[in-house]
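Shown next: my_file_28.pdb, given as PDB, C-alpha atoms.
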```pdb
ATOM      1  CA  MET T 136      -1.580  21.869 -67.248  1.00  0.00           C
ATOM      2  CA  LYS T 137      -5.383  21.968 -67.334  1.00  0.00           C
ATOM      3  CA  PRO T 138      -7.391  18.917 -68.398  1.00  0.00           C
ATOM      4  CA  GLN T 139      -9.415  19.007 -71.613  1.00  0.00           C
ATOM      5  CA  PRO T 140     -12.900  19.588 -70.157  1.00  0.00           C
ATOM      6  CA  ILE T 141     -11.800  22.844 -68.525  1.00  0.00           C
ATOM      7  CA  ARG T 142     -10.141  24.001 -71.738  1.00  0.00           C
ATOM      8  CA  LEU T 143     -13.317  23.441 -73.730  1.00  0.00           C
ATOM      9  CA  LYS T 144     -15.274  25.591 -71.320  1.00  0.00           C
ATOM     10  CA  GLU T 145     -12.608  28.308 -71.137  1.00  0.00           C
ATOM     11  CA  LEU T 146     -12.291  28.539 -74.913  1.00  0.00           C
ATOM     12  CA  ARG T 147     -16.062  28.659 -75.325  1.00  0.00           C
ATOM     13  CA  ASN T 148     -16.331  31.427 -72.738  1.00  0.00           C
ATOM     14  CA  GLU T 149     -13.546  33.419 -74.419  1.00  0.00           C
ATOM     15  CA  LYS T 150     -15.693  33.524 -77.563  1.00  0.00           C
ATOM     16  CA  ASN T 151     -18.811  34.357 -75.530  1.00  0.00           C
ATOM     17  CA  LEU T 152     -20.635  31.324 -76.873  1.00  0.00           C
ATOM     18  CA  LYS T 153     -23.319  29.236 -75.238  1.00  0.00           C
ATOM     19  CA  GLN T 154     -23.146  25.472 -75.002  1.00  0.00           C
ATOM     20  CA  GLU T 155     -26.173  25.310 -77.280  1.00  0.00           C
ATOM     21  CA  GLU T 156     -24.299  27.190 -80.005  1.00  0.00           C
ATOM     22  CA  LEU T 157     -21.335  24.824 -79.869  1.00  0.00           C
ATOM     23  CA  ALA T 158     -23.586  21.781 -79.907  1.00  0.00           C
ATOM     24  CA  GLU T 159     -25.299  23.122 -83.020  1.00  0.00           C
ATOM     25  CA  LEU T 160     -21.967  23.815 -84.749  1.00  0.00           C
ATOM     26  CA  LEU T 161     -20.841  20.270 -83.973  1.00  0.00           C
ATOM     27  CA  GLY T 162     -24.137  18.754 -85.096  1.00  0.00           C
ATOM     28  CA  ILE T 163     -24.833  17.144 -81.737  1.00  0.00           C
ATOM     29  CA  VAL T 164     -27.434  17.544 -79.008  1.00  0.00           C
ATOM     30  CA  LEU T 165     -26.781  19.885 -76.096  1.00  0.00           C
ATOM     31  CA  ARG T 166     -26.550  17.046 -73.574  1.00  0.00           C
ATOM     32  CA  GLN T 167     -23.714  15.439 -75.521  1.00  0.00           C
ATOM     33  CA  TYR T 168     -21.736  18.681 -75.646  1.00  0.00           C
ATOM     34  CA  GLN T 169     -22.254  19.147 -71.910  1.00  0.00           C
ATOM     35  CA  ARG T 170     -20.727  15.698 -71.401  1.00  0.00           C
ATOM     36  CA  TYR T 171     -17.686  16.825 -73.399  1.00  0.00           C
ATOM     37  CA  GLU T 172     -17.181  19.820 -71.136  1.00  0.00           C
ATOM     38  CA  ARG T 173     -17.523  17.696 -67.997  1.00  0.00           C
ATOM     39  CA  GLY T 174     -15.118  15.079 -69.332  1.00  0.00           C
ATOM     40  CA  GLU T 175     -17.765  12.363 -69.247  1.00  0.00           C
ATOM     41  CA  GLN T 176     -17.572  11.673 -72.980  1.00  0.00           C
ATOM     42  CA  GLU T 177     -14.875  12.142 -75.624  1.00  0.00           C
ATOM     43  CA  PRO T 178     -15.532  13.794 -78.975  1.00  0.00           C
ATOM     44  CA  SER T 179     -14.647  11.879 -82.125  1.00  0.00           C
ATOM     45  CA  LEU T 180     -11.367  12.734 -83.840  1.00  0.00           C
ATOM     46  CA  ALA T 181     -13.257  14.740 -86.462  1.00  0.00           C
ATOM     47  CA  LYS T 182     -14.888  16.814 -83.730  1.00  0.00           C
ATOM     48  CA  TRP T 183     -11.552  17.347 -81.917  1.00  0.00           C
ATOM     49  CA  LEU T 184     -10.077  18.628 -85.171  1.00  0.00           C
ATOM     50  CA  PHE T 185     -13.071  20.872 -85.807  1.00  0.00           C
ATOM     51  CA  LEU T 186     -12.806  22.351 -82.309  1.00  0.00           C
ATOM     52  CA  ALA T 187      -9.047  22.947 -82.623  1.00  0.00           C
ATOM     53  CA  ASP T 188      -9.577  24.727 -85.950  1.00  0.00           C
ATOM     54  CA  PHE T 189     -12.590  26.640 -84.670  1.00  0.00           C
ATOM     55  CA  TYR T 190     -10.677  27.940 -81.643  1.00  0.00           C
ATOM     56  CA  ASN T 191      -7.447  28.322 -83.633  1.00  0.00           C
ATOM     57  CA  VAL T 192      -5.443  26.300 -81.128  1.00  0.00           C
ATOM     58  CA  SER T 193      -3.305  23.208 -81.431  1.00  0.00           C
ATOM     59  CA  LEU T 194      -4.896  19.843 -80.846  1.00  0.00           C
ATOM     60  CA  ASP T 195      -2.306  19.203 -78.126  1.00  0.00           C
ATOM     61  CA  TYR T 196      -3.425  22.345 -76.315  1.00  0.00           C
ATOM     62  CA  LEU T 197      -7.078  21.437 -76.661  1.00  0.00           C
ATOM     63  CA  VAL T 198      -6.624  17.979 -75.145  1.00  0.00           C
ATOM     64  CA  GLY T 199      -4.307  19.174 -72.381  1.00  0.00           C
ATOM     65  CA  ARG T 200      -0.997  17.823 -73.703  1.00  0.00           C
ATOM     66  CA  SER T 201       0.558  21.267 -74.089  1.00  0.00           C
ATOM     67  CA  ALA T 202       0.287  24.700 -72.523  1.00  0.00           C
ATOM     68  CA  ASP T 203       1.146  26.271 -75.905  1.00  0.00           C
ATOM     69  CA  ARG T 204      -1.941  27.244 -77.892  1.00  0.00           C
ATOM     70  CA  THR T 205      -0.150  27.556 -81.221  1.00  0.00           C
ATOM     71  CA  PHE T 206       0.142  24.823 -83.798  1.00  0.00           C
ATOM     72  CA  HIS T 207       3.679  23.673 -84.637  1.00  0.00           C
ATOM     73  CA  PRO T 208       3.802  21.401 -87.706  1.00  0.00           C
TER      74      PRO T 208
END
```
Turn this file's structure into structure tokens for me.
Amino acid sequence: MKPQPIRLKELRNEKNLKQEELAELLGIVLRQYQRYERGEQEPSLAKWLFLADFYNVSLDYLVGRSADRTFHP
């Protein structure tokens, strides 16, 4: 199972987005988003939820707790 920072980068690359674009969507500065991708800083719960919805993946997948991308209520 891959850790969260790698998943953030992989998902961003799948959508052909730049770090700057994600930072803008999240309402944060680029440097802060870069820290998320490197695993140096954790997003708030609201930002985790936004990212999971944005990428259409489960929160467990996004944070590395599951290899299954789909959401199971």
(Q) Please list as a PyMOL selection string every residue within 12 Å of Lys182 (chain T), counting all atoms listed in the file and excluding residues in the same chain fewer than 5 positions away. (A) chain T and resi 157-158+160-163+168+171+177+187-189+194+197-198
Serialized selection, C-alpha atoms, as an mmCIF file, in the frame of the given file:
```
data_model
loop_
_atom_site.group_PDB
_atom_site.id
_atom_site.type_symbol
_atom_site.label_atom_id
_atom_site.label_comp_id
_atom_site.auth_asym_id
_atom_site.auth_seq_id
_atom_site.Cartn_x
_atom_site.Cartn_y
_atom_site.Cartn_z
ATOM 1 C CA LEU T 157 -21.335 24.824 -79.869
ATOM 2 C CA ALA T 158 -23.586 21.781 -79.907
ATOM 3 C CA LEU T 160 -21.967 23.815 -84.749
ATOM 4 C CA LEU T 161 -20.841 20.270 -83.973
ATOM 5 C CA GLY T 162 -24.137 18.754 -85.096
ATOM 6 C CA ILE T 163 -24.833 17.144 -81.737
ATOM 7 C CA TYR T 168 -21.736 18.681 -75.646
ATOM 8 C CA TYR T 171 -17.686 16.825 -73.399
ATOM 9 C CA GLU T 177 -14.875 12.142 -75.624
ATOM 10 C CA ALA T 187 -9.047 22.947 -82.623
ATOM 11 C CA ASP T 188 -9.577 24.727 -85.950
ATOM 12 C CA PHE T 189 -12.590 26.640 -84.670
ATOM 13 C CA LEU T 194 -4.896 19.843 -80.846
ATOM 14 C CA LEU T 197 -7.078 21.437 -76.661
ATOM 15 C CA VAL T 198 -6.624 17.979 -75.145
#
```
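In this model, the gap between CA of Asp203 (chain T) and CA of Gln154 (chain T) comes to 24.3 Å.
If you measure from each of T:Leu180, T:Leu152, T:Val164, T:Leu143 to Val192 (chain T) using all atoms listed in the file, the closest one turns out to be T:Leu143.
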Using 6 Å of padding on each side, determine the axis-aligned box around all atoms of region 190-206 of chain T present in the file and give its centre and edge lengths in Å to one decimal, as JSON.
```
{"center_x": -4.8, "center_y": 23.1, "center_z": -78.1, "size_x": 23.8, "size_y": 22.5, "size_z": 23.4}
```
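Note that CA of Thr205 (chain T) and CA of Pro178 (chain T) are 20.8 Å apart.
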Q | Closest of T:Asn151, T:Ser201, T:Ser193, T:Gln139 to Gly174 (chain T) - atom-to-atom distances counting only C-alpha atoms | A |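 When distances to Gly174 (chain T) are compared using only C-alpha atoms, the smallest one comes from T:Gln139.
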